[in-house]
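To start, the structure itself, in structure tokens.
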Amino acid sequence: MKKPNNIVIYYPSFEKGGATINLVNFANEAVKKNINISLISNIDNKNKKKFFSSKIKLHRVSSLNNSFLTKRFTSSLSSIFILISVLMSTKKNTMFLSFQTHIIPLIFCSIFRKHIVIRNSEDAIDATKYADNLFTAYIVLFLKSFFYFFSNGIITNSIKSKNSLKKVTFNMKNINLIYNPYLPKILKFKKRKRQNVILSVGRFCKQKNQSLIIKAFKIFLESHKDFKLILVGRGGDKNKLKNLVINLNLQNQVIFKDWQTNVGKYYLTSKLLVFPSLYEGLPNTLIDALNYSLPSLTTKCSGAEDILSKKYQFFIQSSNAKNLSRKISSTIKNYNQILISTRNAHKKLNRFLISKQVSKYLNFLTFISNK
């Protein structure tokens, strides 16, 4: 089969987060494999040089953020004109890959009769179930179930997300599970001397459910007074979470750290990661914790079982603070058990290596382009 020599990536709103890391890894690795990559995005030239290979061509999207329109919305609108221009000038052997869940490239690639694969990075059903605005969420779900049929293929990143997507699209064909191209290398599993710290890493929002950790930690402190809780991240719920800490009188035990490049130091020194997310796609936080040999307590959100295995014994509920507190206490008391489970899961981390997963992306794009 003939491989596509040119791939146009649609990513109008360049934002910090797991999806962006996976995009950067894919694009840079694909260039190494002699694929011509073009990027439609609102990233500026400074960040383009910082994150991407110089061989990647940028079609820059303009964006405007004001009190009426969000930056993401204006980027999407502006991207239409860029996308049409690119579609009109593309060579025959060109594939389009949308790294954000947008209907815009699906519509226009269909009009111009170009092959397009879209990446769906979260559990569509749970994302709707736990959304801040249910009305808007159900509209988005409906749009996905309709417009995904305009795609030639869909890439999703976990078993649960794939099953959710099958329901949404009424068992649509060409839904392919490919894990995130995330890890540049696998660190050796190592027992470490760790501090009495419970760690949380993630965006401060309803989805990540950090309020549950704080409430559980309050109960946990009654019998473990020498522990601290560190929350690393940024987001709209930060003040809300800080107020909860104040109301529970935990100011001396709970520490907020802004998101930073070197999060690894927290994975290396903490005793336990607690990840109570309501929904995910494939959480890079759990992959990072595992790579740093840090045991985790997590909900069975999408991707958790893919990373840690179905046999992992340390899953938690997403809504019961007392239960979580007991689970943390039990885990600390029987720490060697969770270390054994963590070691077993660590042996399978090669599924998330950048080169291996990018090859799977390219193989799927080749399959779609030859249909």
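As shown in the structure tokens, the chain order sets the letters A, B, ...; within each chain, residues go from 1, and ligands are also counted from 1 in the order they appear.
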
Using only C-alpha atoms, which residues of range 233-272 of chain A come within 12 Å of range 206-213 of chain A, and what is the closest atom pair for each, with the distance in Å to one decimal? Give it as a tab-separated table, sorted by chain and residue number.
residue	atom	partner	partner_atom	distance
A:Gly233	CA	A:Lys208	CA	10.4
A:Arg234	CA	A:Lys208	CA	11.3
A:Gly235	CA	A:Lys206	CA	10.0
A:Gly236	CA	A:Lys206	CA	9.3
A:Asp237	CA	A:Lys206	CA	7.5
A:Lys238	CA	A:Gln210	CA	9.7
A:Asn239	CA	A:Ser211	CA	11.6
A:Lys240	CA	A:Ser211	CA	8.9
A:Leu241	CA	A:Ser211	CA	6.4
A:Lys242	CA	A:Ser211	CA	9.7
A:Asn243	CA	A:Ser211	CA	10.4
A:Leu244	CA	A:Ser211	CA	7.6
A:Val245	CA	A:Ser211	CA	9.0
A:Leu248	CA	A:Ser211	CA	11.3
A:Val254	CA	A:Ile213	CA	10.5
A:Phe256	CA	A:Gln210	CA	11.5

Contacts of Tyr138 in chain A at 12 Å (only C-alpha atoms; same-chain gap of 2+ positions) as a compact mmCIF listing (two decimals) with N, CA and C atoms, in the first residue's frame:
# COMPACT_ATOMS: atom_id res chain seq x y z
N ALA A 124 -16.85 9.67 25.13
CA ALA A 124 -17.92 10.59 24.70
C ALA A 124 -19.14 10.54 25.61
N ILE A 125 -19.49 9.36 26.11
CA ILE A 125 -20.69 9.22 26.94
C ILE A 125 -20.47 9.81 28.33
N ASP A 126 -19.36 9.44 28.98
CA ASP A 126 -19.09 9.98 30.32
C ASP A 126 -18.81 11.48 30.29
N ALA A 127 -18.19 11.97 29.20
CA ALA A 127 -17.96 13.40 29.07
C ALA A 127 -19.27 14.16 29.02
N THR A 128 -20.28 13.55 28.44
CA THR A 128 -21.63 14.15 28.41
C THR A 128 -22.30 14.04 29.77
N LYS A 129 -22.20 12.89 30.37
CA LYS A 129 -22.84 12.62 31.67
C LYS A 129 -22.37 13.58 32.76
N TYR A 130 -21.08 13.89 32.76
CA TYR A 130 -20.50 14.71 33.83
C TYR A 130 -20.21 16.16 33.41
N ALA A 131 -20.77 16.58 32.30
CA ALA A 131 -20.50 17.93 31.78
C ALA A 131 -21.08 19.01 32.70
N ASP A 132 -20.48 20.20 32.66
CA ASP A 132 -20.99 21.33 33.44
C ASP A 132 -22.36 21.77 32.92
N ASN A 133 -22.49 21.78 31.61
CA ASN A 133 -23.75 22.20 30.98
C ASN A 133 -24.30 21.01 30.18
N LEU A 134 -25.29 20.34 30.73
CA LEU A 134 -25.80 19.12 30.10
C LEU A 134 -26.46 19.41 28.75
N PHE A 135 -27.15 20.54 28.64
CA PHE A 135 -27.83 20.87 27.38
C PHE A 135 -26.82 20.98 26.24
N THR A 136 -25.76 21.76 26.49
CA THR A 136 -24.70 21.92 25.48
C THR A 136 -24.01 20.60 25.20
N VAL A 140 -23.50 18.59 21.61
CA VAL A 140 -22.19 18.16 21.11
C VAL A 140 -22.20 16.67 20.80
N LEU A 141 -22.81 15.89 21.69
CA LEU A 141 -22.89 14.44 21.49
C LEU A 141 -23.67 14.11 20.22
N PHE A 142 -24.77 14.83 20.00
CA PHE A 142 -25.57 14.62 18.80
C PHE A 142 -24.77 14.97 17.54
N LEU A 143 -24.05 16.10 17.59
CA LEU A 143 -23.25 16.52 16.45
C LEU A 143 -22.17 15.48 16.12
N LYS A 144 -21.56 14.93 17.18
CA LYS A 144 -20.56 13.88 16.97
C LYS A 144 -21.18 12.67 16.29
N SER A 145 -22.32 12.22 16.81
CA SER A 145 -22.95 11.00 16.28
C SER A 145 -23.35 11.18 14.82
N VAL A 168 -22.15 5.73 20.28
CA VAL A 168 -22.51 7.06 19.78
C VAL A 168 -22.69 7.05 18.27

So what do you get for CA of Asn363 in chain A versus CA of Ser164 in chain A, distance-wise?
23.5 Å

12 Å contact set for Glu29 in chain A, only C-alpha atoms, chain neighbours under 2 positions out, as a ChimeraX atom specification:
/A:22-27,31-37,52-53,55-56,181-184,353-362

Those same residues - C-alpha atoms - I'd like them written as a tab-separated table (two decimals), in the first residue's frame.
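New file part23.tsv:
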chain	number	residue	atom	x	y	z
A	22	ASN	CA	0.45	13.89	21.87
A	23	LEU	CA	0.06	16.14	18.84
A	24	VAL	CA	3.60	17.51	19.19
A	25	ASN	CA	5.01	14.00	19.62
A	26	PHE	CA	3.15	12.69	16.59
A	27	ALA	CA	4.13	15.56	14.29
A	31	VAL	CA	8.77	14.18	10.20
A	32	LYS	CA	11.60	11.85	11.27
A	33	LYS	CA	9.88	9.13	9.22
A	34	ASN	CA	10.08	11.37	6.11
A	35	ILE	CA	6.44	12.49	6.14
A	36	ASN	CA	5.67	16.08	5.11
A	37	ILE	CA	3.65	17.63	7.93
A	52	PHE	CA	7.92	21.65	16.62
A	53	SER	CA	10.56	20.62	14.13
A	55	LYS	CA	10.50	20.98	8.88
A	56	ILE	CA	6.84	21.34	9.87
A	181	PRO	CA	2.32	8.53	21.46
A	182	TYR	CA	3.44	9.88	24.81
A	183	LEU	CA	6.62	8.42	26.32
A	184	PRO	CA	10.04	9.23	24.82
A	353	LEU	CA	6.26	4.87	23.44
A	354	ILE	CA	6.21	7.66	20.86
A	355	SER	CA	7.84	5.85	17.94
A	356	LYS	CA	5.77	2.69	18.32
A	357	GLN	CA	2.43	4.48	18.46
A	358	VAL	CA	3.23	6.97	15.68
A	359	SER	CA	3.97	3.99	13.42
A	360	LYS	CA	0.47	2.70	14.21
A	361	TYR	CA	-1.00	6.11	13.37
A	362	LEU	CA	0.80	6.12	10.02

Rank nothing, just name the residue among A:Lys16, A:Lys57, A:His102, A:Lys348 nearest to Val86 in chain A, using only C-alpha atoms.
A:Lys57

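Using only C-alpha atoms for every distance, the candidate list A:Leu250, A:Ile198, A:Ile82, A:Ala19 yields A:Ala19 as the residue closest to Gln100 in chain A.
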
Among range 92-339 of chain A, which ones does DSSP place in helix (DSSP H, G or I), written as a PyMOL selection string?
chain A and resi 104-111+124-129+134-150+159-168+210-220+238-247+264-269+284-291+304-308+321-333+335-339

So what do you get for CA of Phe364 in chain A versus CA of Ile40 in chain A, distance-wise?
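Taking CA of Phe364 in chain A as the start and CA of Ile40 in chain A as the end point, the length is 21.0 Å.
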
Hey, what's within 7 Å of Leu177 in chain A if we count only C-alpha atoms and toss same-chain stuff fewer than 4 positions away? As an NGL selection string, please?
:A and (155-158 or 162)

Those same residues - C-alpha atoms - I'd like them written as a PDB file, in the first residue's frame.
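New file again_39.pdb:
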ATOM      1  CA  ILE A 155      -8.646   7.092  16.137  1.00  0.00           C
ATOM      2  CA  THR A 156      -9.452   6.682  19.812  1.00  0.00           C
ATOM      3  CA  ASN A 157      -7.082   5.985  22.685  1.00  0.00           C
ATOM      4  CA  SER A 158      -8.633   3.487  25.118  1.00  0.00           C
ATOM      5  CA  LYS A 162     -13.760   3.018  21.748  1.00  0.00           C
TER       6      LYS A 162
END

Closest of A:Thr74, A:Val8, A:Lys271, A:Asn47 to Ser98 in chain A - atom-to-atom distances counting only C-alpha atoms:
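The closest residue to Ser98 in chain A is A:Val8.
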
Report as an NGL selection string: the residues of range 16-78 of chain A with a DSSP assignment of strand (DSSP E), based on the backbone of this structure.
:A and (36-41 or 57-60)

Leaving out Ser78 in chain A and any residue of its chain fewer than 3 positions from it, which residues lie within 12 Å of it when counting only C-alpha atoms, given as an mmCIF file with N, CA and C atoms, in the first residue's frame?
data_model
loop_
_atom_site.group_PDB
_atom_site.id
_atom_site.type_symbol
_atom_site.label_atom_id
_atom_site.label_comp_id
_atom_site.auth_asym_id
_atom_site.auth_seq_id
_atom_site.Cartn_x
_atom_site.Cartn_y
_atom_site.Cartn_z
ATOM 1 N N TYR A 11 -5.594 21.575 14.002
ATOM 2 C CA TYR A 11 -5.554 21.793 15.454
ATOM 3 C C TYR A 11 -5.660 23.294 15.708
ATOM 4 N N PRO A 12 -6.842 23.875 15.462
ATOM 5 C CA PRO A 12 -6.964 25.339 15.455
ATOM 6 C C PRO A 12 -6.643 26.019 16.780
ATOM 7 N N SER A 13 -6.932 25.340 17.894
ATOM 8 C CA SER A 13 -6.727 25.976 19.194
ATOM 9 C C SER A 13 -5.600 25.267 19.944
ATOM 10 N N ILE A 40 -2.378 23.301 10.776
ATOM 11 C CA ILE A 40 -3.321 24.421 10.811
ATOM 12 C C ILE A 40 -3.629 24.706 12.275
ATOM 13 N N SER A 41 -3.122 25.832 12.776
ATOM 14 C CA SER A 41 -3.250 26.106 14.214
ATOM 15 C C SER A 41 -3.023 27.586 14.499
ATOM 16 N N ASN A 42 -3.447 28.011 15.689
ATOM 17 C CA ASN A 42 -3.247 29.399 16.092
ATOM 18 C C ASN A 42 -1.954 29.599 16.883
ATOM 19 N N HIS A 59 0.358 26.751 8.952
ATOM 20 C CA HIS A 59 -0.674 27.619 8.392
ATOM 21 C C HIS A 59 -1.340 28.292 9.593
ATOM 22 N N ARG A 60 -0.938 29.517 9.871
ATOM 23 C CA ARG A 60 -1.333 30.144 11.137
ATOM 24 C C ARG A 60 -2.754 30.671 11.101
ATOM 25 N N VAL A 61 -3.509 30.296 12.128
ATOM 26 C CA VAL A 61 -4.894 30.722 12.313
ATOM 27 C C VAL A 61 -4.912 31.906 13.270
ATOM 28 N N SER A 62 -5.636 32.955 12.931
ATOM 29 C CA SER A 62 -5.752 34.098 13.844
ATOM 30 C C SER A 62 -6.856 33.818 14.854
ATOM 31 N N SER A 63 -6.724 34.393 16.032
ATOM 32 C CA SER A 63 -7.738 34.203 17.077
ATOM 33 C C SER A 63 -7.884 35.476 17.892
ATOM 34 N N LEU A 64 -9.059 35.643 18.456
ATOM 35 C CA LEU A 64 -9.370 36.846 19.224
ATOM 36 C C LEU A 64 -10.144 36.437 20.468
ATOM 37 N N LYS A 71 -11.526 32.481 22.667
ATOM 38 C CA LYS A 71 -10.392 32.309 21.757
ATOM 39 C C LYS A 71 -10.559 31.053 20.921
ATOM 40 N N ARG A 72 -11.059 29.992 21.542
ATOM 41 C CA ARG A 72 -11.264 28.729 20.819
ATOM 42 C C ARG A 72 -12.290 28.906 19.702
ATOM 43 N N PHE A 73 -13.366 29.634 19.986
ATOM 44 C CA PHE A 73 -14.428 29.833 18.985
ATOM 45 C C PHE A 73 -13.912 30.642 17.792
ATOM 46 N N THR A 74 -13.203 31.738 18.080
ATOM 47 C CA THR A 74 -12.699 32.574 16.983
ATOM 48 C C THR A 74 -11.624 31.844 16.176
ATOM 49 N N SER A 75 -10.838 30.993 16.842
ATOM 50 C CA SER A 75 -9.837 30.198 16.125
ATOM 51 C C SER A 75 -10.512 29.240 15.157
ATOM 52 N N PHE A 81 -11.245 29.471 6.652
ATOM 53 C CA PHE A 81 -10.643 30.082 5.470
ATOM 54 C C PHE A 81 -9.275 29.460 5.170
ATOM 55 N N ILE A 82 -8.509 29.209 6.224
ATOM 56 C CA ILE A 82 -7.204 28.562 6.052
ATOM 57 C C ILE A 82 -7.397 27.155 5.504
ATOM 58 N N LEU A 83 -8.347 26.425 6.086
ATOM 59 C CA LEU A 83 -8.599 25.043 5.675
ATOM 60 C C LEU A 83 -9.001 24.961 4.203
ATOM 61 N N ILE A 84 -9.905 25.844 3.782
ATOM 62 C CA ILE A 84 -10.344 25.850 2.377
ATOM 63 C C ILE A 84 -9.172 26.121 1.446
ATOM 64 N N SER A 85 -8.335 27.075 1.833
ATOM 65 C CA SER A 85 -7.161 27.406 1.024
ATOM 66 C C SER A 85 -6.228 26.202 0.887
ATOM 67 N N ILE A 104 -15.856 20.993 11.639
ATOM 68 C CA ILE A 104 -15.462 21.837 10.506
ATOM 69 C C ILE A 104 -14.624 21.076 9.472
#

Residue with the minimum atom-to-atom distance to Tyr279 in chain A, picked from A:Gly303, A:Pro105, A:Pro4, A:Gly18 with only C-alpha atoms counted, is A:Gly303
